[in-house]
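Trainee: So here's final12.txt, just compact mmCIF, C-alpha atoms:
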```
# COMPACT_ATOMS: atom_id res chain seq x y z
CA MET A 144 0.00 0.00 0.00
CA GLN A 145 1.20 3.51 -0.82
CA LEU A 146 -0.37 6.32 1.18
CA GLN A 147 1.24 9.64 0.37
CA ARG A 148 0.45 13.04 1.85
CA LEU A 149 -0.05 15.77 -0.72
CA GLY A 150 2.04 18.90 -0.52
CA PHE A 151 -0.59 21.26 0.85
CA THR A 152 -2.88 21.81 3.79
CA PRO A 153 -6.20 23.61 3.19
CA SER A 154 -6.27 26.92 5.04
CA LYS A 155 -9.99 26.97 5.91
CA ALA A 156 -9.91 23.96 8.23
CA ASP A 157 -7.38 21.89 10.15
CA THR A 158 -7.46 19.05 7.62
CA SER A 159 -4.96 17.03 5.59
CA LEU A 160 -5.30 15.49 2.16
CA PHE A 161 -3.55 12.25 1.17
CA PHE A 162 -3.08 10.49 -2.15
CA TYR A 163 -3.43 6.68 -2.25
CA SER A 164 -2.21 4.50 -5.09
CA LYS A 165 -2.04 0.76 -5.57
CA GLY A 166 -1.26 -0.59 -8.99
CA ASN A 167 -3.25 1.46 -11.49
CA ILE A 168 -5.95 2.61 -9.09
CA THR A 169 -5.99 5.83 -7.08
CA ALA A 170 -8.06 7.39 -4.33
CA PHE A 171 -7.96 10.52 -2.18
CA VAL A 172 -8.29 10.67 1.59
CA LEU A 173 -9.33 13.77 3.55
CA VAL A 174 -8.59 13.46 7.27
CA TYR A 175 -9.83 15.61 10.15
CA VAL A 176 -8.94 14.20 13.60
CA ASP A 177 -10.79 10.84 13.52
CA ASP A 178 -13.11 11.58 10.58
CA ILE A 179 -12.03 10.41 7.13
CA ILE A 180 -13.50 11.03 3.68
CA VAL A 181 -12.46 8.66 0.89
CA ALA A 182 -13.05 9.74 -2.69
CA SER A 183 -12.28 8.08 -6.01
CA SER A 184 -13.72 7.70 -9.49
CA SER A 185 -13.24 3.94 -9.02
CA GLN A 186 -15.18 1.84 -6.55
CA GLU A 187 -12.33 -0.66 -6.66
CA ALA A 188 -9.90 1.97 -5.39
CA THR A 189 -12.16 2.84 -2.47
CA THR A 190 -12.59 -0.81 -1.53
CA CYS A 191 -8.83 -1.48 -1.70
CA LEU A 192 -8.01 1.56 0.40
CA LEU A 193 -10.49 0.68 3.15
CA LYS A 194 -9.24 -2.90 3.16
CA ASP A 195 -5.61 -1.81 3.56
CA LEU A 196 -6.43 0.75 6.25
CA LYS A 197 -8.32 -1.86 8.27
CA LEU A 198 -5.13 -3.89 8.45
CA GLU A 199 -3.51 -1.07 10.42
CA PHE A 200 -6.37 0.77 12.15
CA ALA A 201 -9.76 0.09 13.71
CA LEU A 202 -12.21 1.61 11.22
CA LYS A 203 -15.96 1.87 10.94
CA ASP A 204 -17.43 2.35 7.48
CA LEU A 205 -20.31 4.84 7.79
CA GLY A 206 -21.37 4.54 4.15
CA ASP A 207 -22.02 7.43 1.80
CA LEU A 208 -20.96 10.88 2.94
CA HIS A 209 -23.79 12.93 4.45
CA TYR A 210 -22.20 15.29 7.00
CA PHE A 211 -18.64 16.53 7.56
CA LEU A 212 -17.44 19.48 9.67
CA GLY A 213 -20.84 21.13 9.65
CA ILE A 214 -21.26 20.69 5.88
CA GLU A 215 -24.18 18.60 4.67
CA VAL A 216 -23.76 16.56 1.49
CA LYS A 217 -26.92 15.71 -0.44
CA GLN A 218 -27.06 13.54 -3.53
CA VAL A 219 -28.61 15.32 -6.52
CA ARG A 220 -28.87 14.50 -10.19
CA ASP A 221 -25.36 14.00 -11.64
CA GLY A 222 -23.65 15.34 -8.53
CA ILE A 223 -23.88 16.58 -4.96
CA LEU A 224 -25.16 19.64 -3.11
CA LEU A 225 -23.00 21.08 -0.32
CA SER A 226 -24.95 23.08 2.25
CA GLN A 227 -24.83 24.18 5.88
CA GLU A 228 -28.54 24.28 6.64
CA LYS A 229 -28.28 22.91 10.18
CA TYR A 230 -25.30 25.15 10.94
CA THR A 231 -27.27 28.17 9.69
CA ALA A 232 -30.24 27.27 11.85
CA ASP A 233 -27.96 26.92 14.89
CA VAL A 234 -26.43 30.36 14.29
CA LEU A 235 -29.87 31.96 13.95
CA LYS A 236 -31.06 30.26 17.14
CA ARG A 237 -27.94 31.35 19.02
CA VAL A 238 -28.65 34.99 18.18
CA GLY A 239 -32.40 34.62 18.83
CA LEU A 240 -33.37 35.31 15.20
CA GLU A 241 -34.79 31.91 14.28
CA ASN A 242 -38.19 33.54 13.73
CA CYS A 243 -36.96 36.83 12.29
CA LYS A 244 -38.47 38.62 9.30
CA PRO A 245 -36.49 37.55 6.20
CA VAL A 246 -34.98 39.91 3.60
CA SER A 247 -34.05 39.12 0.00
CA THR A 248 -30.52 40.61 -0.02
CA PRO A 249 -27.68 40.31 2.53
CA ILE A 250 -26.59 43.95 2.37
CA SER A 251 -28.22 47.25 1.46
CA THR A 252 -27.35 48.79 -1.90
CA SER A 253 -27.96 52.33 -0.62
CA GLU A 254 -26.48 52.48 2.88
CA LYS A 255 -22.68 52.79 3.22
CA LEU A 256 -20.99 51.41 6.34
CA THR A 257 -18.24 53.52 7.87
CA VAL A 258 -15.91 53.08 10.82
CA ASP A 259 -17.53 55.86 12.89
CA SER A 260 -21.22 55.47 12.03
CA GLY A 261 -23.58 54.74 14.90
CA GLU A 262 -22.69 54.29 18.56
CA ALA A 263 -19.96 52.05 19.92
CA LEU A 264 -21.07 48.65 21.26
CA GLY A 265 -20.37 47.74 24.88
CA PRO A 266 -17.75 45.08 25.71
CA GLU A 267 -20.27 42.22 25.93
CA ASP A 268 -22.07 43.19 22.72
CA ALA A 269 -18.75 43.67 20.92
CA THR A 270 -17.69 40.14 21.92
CA ASN A 271 -21.00 38.78 20.67
CA TYR A 272 -20.52 40.68 17.41
CA ARG A 273 -17.12 39.10 16.82
CA SER A 274 -18.45 35.64 17.67
CA VAL A 275 -21.35 35.89 15.22
CA VAL A 276 -19.18 37.31 12.45
CA GLY A 277 -16.73 34.44 12.97
CA ALA A 278 -19.60 31.99 12.56
CA LEU A 279 -20.64 33.74 9.35
CA GLN A 280 -17.11 33.45 8.00
CA TYR A 281 -17.32 29.65 8.26
CA LEU A 282 -20.67 29.74 6.51
CA THR A 283 -19.06 31.24 3.40
CA LEU A 284 -17.57 27.78 2.72
CA THR A 285 -20.80 26.88 0.92
CA ARG A 286 -22.43 30.30 0.63
CA PRO A 287 -20.32 32.52 -1.67
CA ASP A 288 -23.35 34.80 -2.06
CA ILE A 289 -22.65 36.29 1.39
CA SER A 290 -18.87 36.59 0.95
CA TYR A 291 -18.92 40.31 0.19
CA SER A 292 -21.29 41.26 3.01
CA VAL A 293 -19.39 39.11 5.55
CA ASN A 294 -16.08 40.63 4.46
CA LYS A 295 -17.62 44.07 4.94
CA VAL A 296 -18.69 43.47 8.54
CA CYS A 297 -15.32 41.81 9.26
CA GLN A 298 -13.63 45.15 8.66
CA TYR A 299 -15.11 46.52 11.90
CA LEU A 300 -14.18 43.71 14.29
CA HIS A 301 -11.73 45.98 16.11
CA ALA A 302 -14.42 48.53 17.09
CA PRO A 303 -17.96 47.42 16.16
CA ARG A 304 -20.80 49.93 16.36
CA THR A 305 -24.59 49.76 16.25
CA THR A 306 -24.80 50.20 12.46
CA HIS A 307 -22.37 47.33 11.98
CA TRP A 308 -24.47 45.08 14.21
CA THR A 309 -27.55 46.06 12.18
CA ALA A 310 -25.67 44.96 9.04
CA VAL A 311 -24.86 41.61 10.66
CA LYS A 312 -28.50 41.09 11.57
CA ARG A 313 -29.46 41.83 7.95
CA ILE A 314 -27.14 39.03 6.81
CA LEU A 315 -28.81 36.71 9.31
CA ARG A 316 -32.25 37.74 8.07
CA TYR A 317 -31.11 36.98 4.52
CA LEU A 318 -29.95 33.54 5.68
CA GLN A 319 -33.44 32.98 7.08
CA TYR A 320 -34.81 33.91 3.64
CA SER A 321 -32.43 31.58 1.79
CA GLN A 322 -32.23 28.56 4.12
CA GLY A 323 -31.35 25.33 2.32
CA LEU A 324 -29.29 27.08 -0.34
CA GLY A 325 -26.05 25.31 -1.15
CA LEU A 326 -23.26 24.89 -3.67
CA GLN A 327 -23.94 22.33 -6.36
CA ILE A 328 -21.10 20.20 -7.77
CA VAL A 329 -21.99 18.20 -10.89
CA LYS A 330 -20.24 16.08 -13.49
CA SER A 331 -18.49 18.20 -16.09
CA SER A 332 -16.95 17.16 -19.38
CA SER A 333 -14.50 20.08 -19.24
CA LEU A 334 -11.39 20.44 -17.07
CA LEU A 335 -10.62 23.98 -18.17
CA VAL A 336 -9.73 26.30 -15.28
CA THR A 337 -11.70 29.52 -15.76
CA ALA A 338 -11.68 32.61 -13.55
CA TYR A 339 -13.63 35.87 -13.35
CA SER A 340 -11.97 38.90 -11.77
CA ASP A 341 -13.55 42.18 -10.67
CA ALA A 342 -12.83 45.21 -8.49
CA ASP A 343 -14.79 48.11 -7.02
CA TRP A 344 -12.40 51.04 -7.25
CA ALA A 345 -12.08 53.17 -4.08
CA GLY A 346 -15.29 51.67 -2.74
CA CYS A 347 -14.39 51.98 0.96
CA ALA A 348 -15.54 55.34 2.33
CA ASP A 349 -13.04 55.16 5.21
CA ASP A 350 -9.70 54.73 3.42
CA ARG A 351 -10.65 54.66 -0.30
CA ARG A 352 -9.19 51.23 -0.79
CA SER A 353 -10.74 49.04 -3.46
CA THR A 354 -12.50 45.73 -2.98
CA GLY A 355 -11.31 42.92 -5.21
CA GLY A 356 -13.03 39.65 -5.91
CA PHE A 357 -12.75 36.57 -8.08
CA ALA A 358 -14.48 33.30 -8.85
CA VAL A 359 -12.58 30.27 -10.17
CA PHE A 360 -14.29 27.40 -11.96
CA LEU A 361 -13.07 23.94 -12.88
CA GLY A 362 -15.22 23.09 -15.85
CA SER A 363 -18.69 24.23 -14.84
CA ASN A 364 -18.09 23.93 -11.08
CA LEU A 365 -17.15 26.76 -8.75
CA VAL A 366 -14.07 25.68 -6.75
CA SER A 367 -12.68 28.90 -5.27
CA TRP A 368 -13.78 32.48 -4.63
CA SER A 369 -12.76 35.58 -2.74
CA ALA A 370 -14.09 38.99 -1.67
CA ARG A 371 -11.43 41.09 0.02
CA LYS A 372 -10.38 44.69 0.45
CA GLN A 373 -7.08 45.40 -1.26
CA ALA A 374 -4.05 46.13 0.92
CA THR A 375 -3.09 49.40 -0.79
CA VAL A 376 -4.89 52.36 -2.35
CA SER A 377 -5.16 52.24 -6.14
CA ARG A 378 -4.66 55.41 -8.15
CA SER A 379 -7.03 54.34 -10.94
CA SER A 380 -9.75 51.82 -11.67
CA THR A 381 -7.34 50.08 -14.06
CA GLU A 382 -4.82 49.59 -11.26
CA ALA A 383 -7.49 48.21 -8.92
CA GLU A 384 -8.70 45.80 -11.61
CA TYR A 385 -5.14 44.75 -12.42
CA LYS A 386 -4.40 43.96 -8.77
CA SER A 387 -7.59 41.90 -8.55
CA LEU A 388 -6.62 40.14 -11.78
CA ALA A 389 -3.22 39.31 -10.27
CA ASN A 390 -4.82 37.84 -7.16
CA ALA A 391 -7.11 35.71 -9.33
CA THR A 392 -4.08 34.56 -11.36
CA ALA A 393 -2.30 33.44 -8.18
CA GLU A 394 -5.34 31.36 -7.21
CA VAL A 395 -5.55 29.87 -10.69
CA MET A 396 -1.87 28.88 -10.47
CA TRP A 397 -2.49 27.20 -7.09
CA ILE A 398 -5.41 25.21 -8.49
CA GLN A 399 -3.42 24.17 -11.55
CA THR A 400 -0.59 22.98 -9.29
CA LEU A 401 -3.05 21.06 -7.14
CA LEU A 402 -4.56 19.35 -10.19
CA TYR A 403 -1.06 18.39 -11.33
CA GLU A 404 -0.26 16.88 -7.91
CA LEU A 405 -3.51 14.94 -8.01
CA GLY A 406 -2.57 13.53 -11.41
CA ILE A 407 -5.49 15.20 -13.17
CA LYS A 408 -4.74 16.23 -16.75
CA ALA A 409 -6.35 19.63 -17.14
CA SER A 410 -5.91 22.14 -19.94
CA LYS A 411 -2.46 23.75 -19.82
CA ALA A 412 -3.71 27.31 -20.33
CA ALA A 413 -6.29 28.80 -17.97
CA ARG A 414 -8.75 31.49 -19.02
CA LEU A 415 -9.39 34.65 -17.02
CA TRP A 416 -12.22 37.09 -17.74
CA CYS A 417 -11.92 40.77 -16.79
CA ASP A 418 -14.35 43.64 -17.45
CA ASN A 419 -11.68 46.36 -17.58
CA ILE A 420 -10.03 46.88 -20.97
CA GLY A 421 -7.08 48.75 -19.44
CA ALA A 422 -6.24 45.83 -17.14
CA THR A 423 -6.40 43.33 -20.00
CA TYR A 424 -4.01 45.51 -22.05
CA LEU A 425 -1.58 45.82 -19.13
CA SER A 426 -1.42 42.05 -18.74
CA ALA A 427 -0.21 41.61 -22.33
CA ASN A 428 1.58 44.84 -23.25
CA PRO A 429 4.47 46.12 -21.07
CA VAL A 430 4.80 49.45 -22.89
CA PHE A 431 2.35 51.31 -20.65
CA HIS A 432 5.17 52.41 -18.36
CA ALA A 433 3.47 55.58 -17.10
CA ARG A 434 0.51 53.54 -15.91
CA THR A 435 2.44 50.74 -14.27
CA LYS A 436 5.64 52.13 -12.74
CA HIS A 437 3.90 52.79 -9.39
CA ILE A 438 2.31 49.33 -9.19
CA GLU A 439 4.14 46.82 -7.01
CA VAL A 440 6.47 44.53 -8.95
CA ASP A 441 4.90 41.38 -7.53
CA PHE A 442 1.69 42.02 -9.49
CA HIS A 443 3.48 41.89 -12.84
CA PHE A 444 3.93 38.10 -12.82
CA VAL A 445 0.63 38.07 -14.73
CA ARG A 446 2.46 39.23 -17.85
CA GLU A 447 4.88 36.34 -17.60
CA ARG A 448 2.03 33.84 -17.43
CA VAL A 449 0.42 35.41 -20.50
CA ALA A 450 3.72 35.47 -22.42
CA ARG A 451 4.30 31.77 -21.67
CA LYS A 452 0.78 31.01 -22.93
CA LEU A 453 -0.21 29.57 -19.56
CA LEU A 454 -2.92 32.18 -19.10
CA GLU A 455 -5.38 33.71 -21.53
CA ILE A 456 -7.02 36.95 -20.45
CA ARG A 457 -10.20 38.03 -22.17
CA PHE A 458 -12.52 41.00 -21.85
CA ILE A 459 -16.09 40.51 -20.67
CA PRO A 460 -18.83 43.18 -20.46
CA THR A 461 -19.63 44.37 -16.95
CA GLY A 462 -23.20 43.09 -17.25
CA ASP A 463 -21.89 39.54 -17.75
CA GLN A 464 -19.22 39.67 -15.03
CA LEU A 465 -19.80 36.68 -12.70
CA ALA A 466 -17.58 38.10 -9.95
CA ASP A 467 -19.65 41.29 -9.58
CA GLY A 468 -21.28 40.10 -6.35
CA PHE A 469 -17.89 39.74 -4.64
CA THR A 470 -17.11 43.46 -4.89
CA LYS A 471 -20.36 45.37 -4.32
CA PRO A 472 -23.95 45.09 -3.06
CA LEU A 473 -26.45 43.76 -5.60
CA THR A 474 -30.14 44.32 -6.23
CA VAL A 475 -32.53 41.39 -5.86
CA ARG A 476 -32.55 40.63 -9.59
CA ARG A 477 -28.77 40.84 -9.93
CA LEU A 478 -28.30 38.75 -6.79
CA ASP A 479 -30.52 36.00 -8.22
CA GLU A 480 -28.41 35.98 -11.40
CA PHE A 481 -25.25 35.92 -9.29
CA LYS A 482 -26.41 32.88 -7.32
CA TYR A 483 -27.50 31.08 -10.49
CA ASN A 484 -24.11 31.67 -12.15
CA LEU A 485 -22.29 30.31 -9.09
CA ASN A 486 -24.38 27.10 -9.15
CA LEU A 487 -26.16 27.88 -5.87
CA SER A 488 -29.44 26.03 -5.52
CA LYS A 489 -31.67 24.11 -3.13
CA ALA A 490 -32.09 20.35 -3.10
```
Any chance you could give the structure as structure tokens?
Mentor:
Amino acid sequence: MQLQRLGFTPSKADTSLFFYSKGNITAFVLVYVDDIIVASSSQEATTCLLKDLKLEFALKDLGDLHYFLGIEVKQVRDGILLSQEKYTADVLKRVGLENCKPVSTPISTSEKLTVDSGEALGPEDATNYRSVVGALQYLTLTRPDISYSVNKVCQYLHAPRTTHWTAVKRILRYLQYSQGLGLQIVKSSSLLVTAYSDADWAGCADDRRSTGGFAVFLGSNLVSWSARKQATVSRSSTEAEYKSLANATAEVMWIQTLLYELGIKASKAARLWCDNIGATYLSANPVFHARTKHIEVDFHFVRERVARKLLEIRFIPTGDQLADGFTKPLTVRRLDEFKYNLNLSKA
């Protein structure tokens, strides 16, 4: 038996992933303390792995996967649905909002949160605020539709105020409205790594930093996403978009490396969609010196990937940008489109 640990540890949970091979069959093992998930495209590989493990350890086969680390796994047509319905209900009950009035969006499109709006919360309420926001962060594992709003309220953990707590309660009311929603993973004939990158230039009213976001797909399945305020102030929308594009490129490279380690033959060149023409030009043409000399050098690795034909960057109209919901609040109609494009659905 060959049981080999892969060269990475997922950052969102204290878990380890192992690669198992015996002859011409392979399987993957995800381990968290004493819970183990075994996955393979071959039933023979799964059977062989369990048989070999039982020779060394006392194991109990619990059958098909249904629940792991608060994530529920439901079988759907041609795939699975990952959700955290019970976890969501527990969070709502903990805050006393299990019977709250639902709302159709997680964050207001008109109201801007700032660091000094409202009154400061007392020590006990501030602790409760941080606890609830931490719980919401874990919920983004299967709910990318709340990533932007959760990132927004995370920015005030150091000194939460009443308006920030109101924003948290709105997210919870939206979760009440959308209970049962989860991320669908289905069979896909394509192994092309595709990403969508977007940025909201100078969107933060406190420090005028931009919010960047991306969504990465393997075939038709969403596998990674991010909504995060950029570390430095951008002098133009093109710079903000280019930084977001660079962050998306780094994630694409990580996923491509992971696929290679897993022995999965994916397309060599990934495809990245950006809705800013200036950023797409910068990624391919180094002559725009006046625009780029103030941008940190570490962002310019994107050009190297494009030159080596490992990355193909294409323009996409803003109206078709899938990553839009990771950088700004959306209306009800746009939010529904956003969730549909990310393969979020109910069983």
Trainee: With 9 Å as the threshold, what does the neighbourhood of (-19.7, 34.2, -8.7) contain in terms of residues, counting only C-alpha atoms? Coordinates are those of the file; answer as a list in words.
Mentor: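 Every residue inside that radius is included here: Pro287, Asp288, Tyr339, Phe357, Ala358, Val359, Leu365, Trp368, Gln464, Leu465, Ala466, Asp467, Gly468, Phe469, Phe481, Lys482, Tyr483, Asn484, Leu485 and Asn486 of chain A.
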Trainee: What are the closest atom pairs, with distances in Å to one decimal, for each residue of stretch 251-336 of chain A lying within 9 Å of stretch 222-235 of chain A, using all atoms listed in the file, rows by chain and rising residue number, as a tab-separated table?
Mentor:
```
residue	atom	partner	partner_atom	distance
A:Val275	CA	A:Val234	CA	7.6
A:Ala278	CA	A:Val234	CA	7.2
A:Leu279	CA	A:Val234	CA	8.3
A:Leu282	CA	A:Gln227	CA	7.0
A:Leu284	CA	A:Gln227	CA	8.7
A:Thr285	CA	A:Ser226	CA	5.8
A:Arg286	CA	A:Ser226	CA	7.8
A:Leu315	CA	A:Leu235	CA	6.7
A:Arg316	CA	A:Leu235	CA	8.6
A:Leu318	CA	A:Thr231	CA	7.2
A:Gln319	CA	A:Leu235	CA	7.8
A:Gln322	CA	A:Glu228	CA	6.2
A:Gly323	CA	A:Glu228	CA	5.3
A:Leu324	CA	A:Ser226	CA	6.4
A:Gly325	CA	A:Ser226	CA	4.2
A:Leu326	CA	A:Leu225	CA	5.1
A:Gln327	CA	A:Leu224	CA	4.4
A:Ile328	CA	A:Ile223	CA	5.4
A:Val329	CA	A:Gly222	CA	4.1
A:Lys330	CA	A:Gly222	CA	6.1
```
Trainee: If we count only C-alpha atoms, what is near stretch 178-189 of chain A at a cut-off of 9 Å, once residues fewer than 4 positions away on the same chain are taken out, given as a PyMOL selection string?
Mentor: chain A and resi 163-165+168-174+193-194+208+211
Trainee: Using all atoms listed in the file for the distances, tell me which of A:Ala383, A:Leu264, A:Val449, A:Leu160 is nearest to A:Glu404.
Mentor: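 With all atoms listed in the file as the atom set, the closest residue is A:Leu160.
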Trainee: In Å, with one decimal, what is the gap from atom CA of A:Ala413 to atom CA of A:Leu453?
Mentor: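 Those two atoms sit 6.3 Å apart.
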Trainee: Quick one: pull the distance between atom CA of A:Tyr281 and atom CA of A:Val395, Å, one decimal.
Mentor: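 Atom-to-atom, atom CA of A:Tyr281 and atom CA of A:Val395 are spaced 22.3 Å apart.
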Trainee: Just how far from atom CA of A:Thr257 is atom CA of A:Ser321, in Å to one decimal?
Mentor: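 Atom-to-atom, atom CA of A:Ser321 to atom CA of A:Thr257, that is 26.8 Å.
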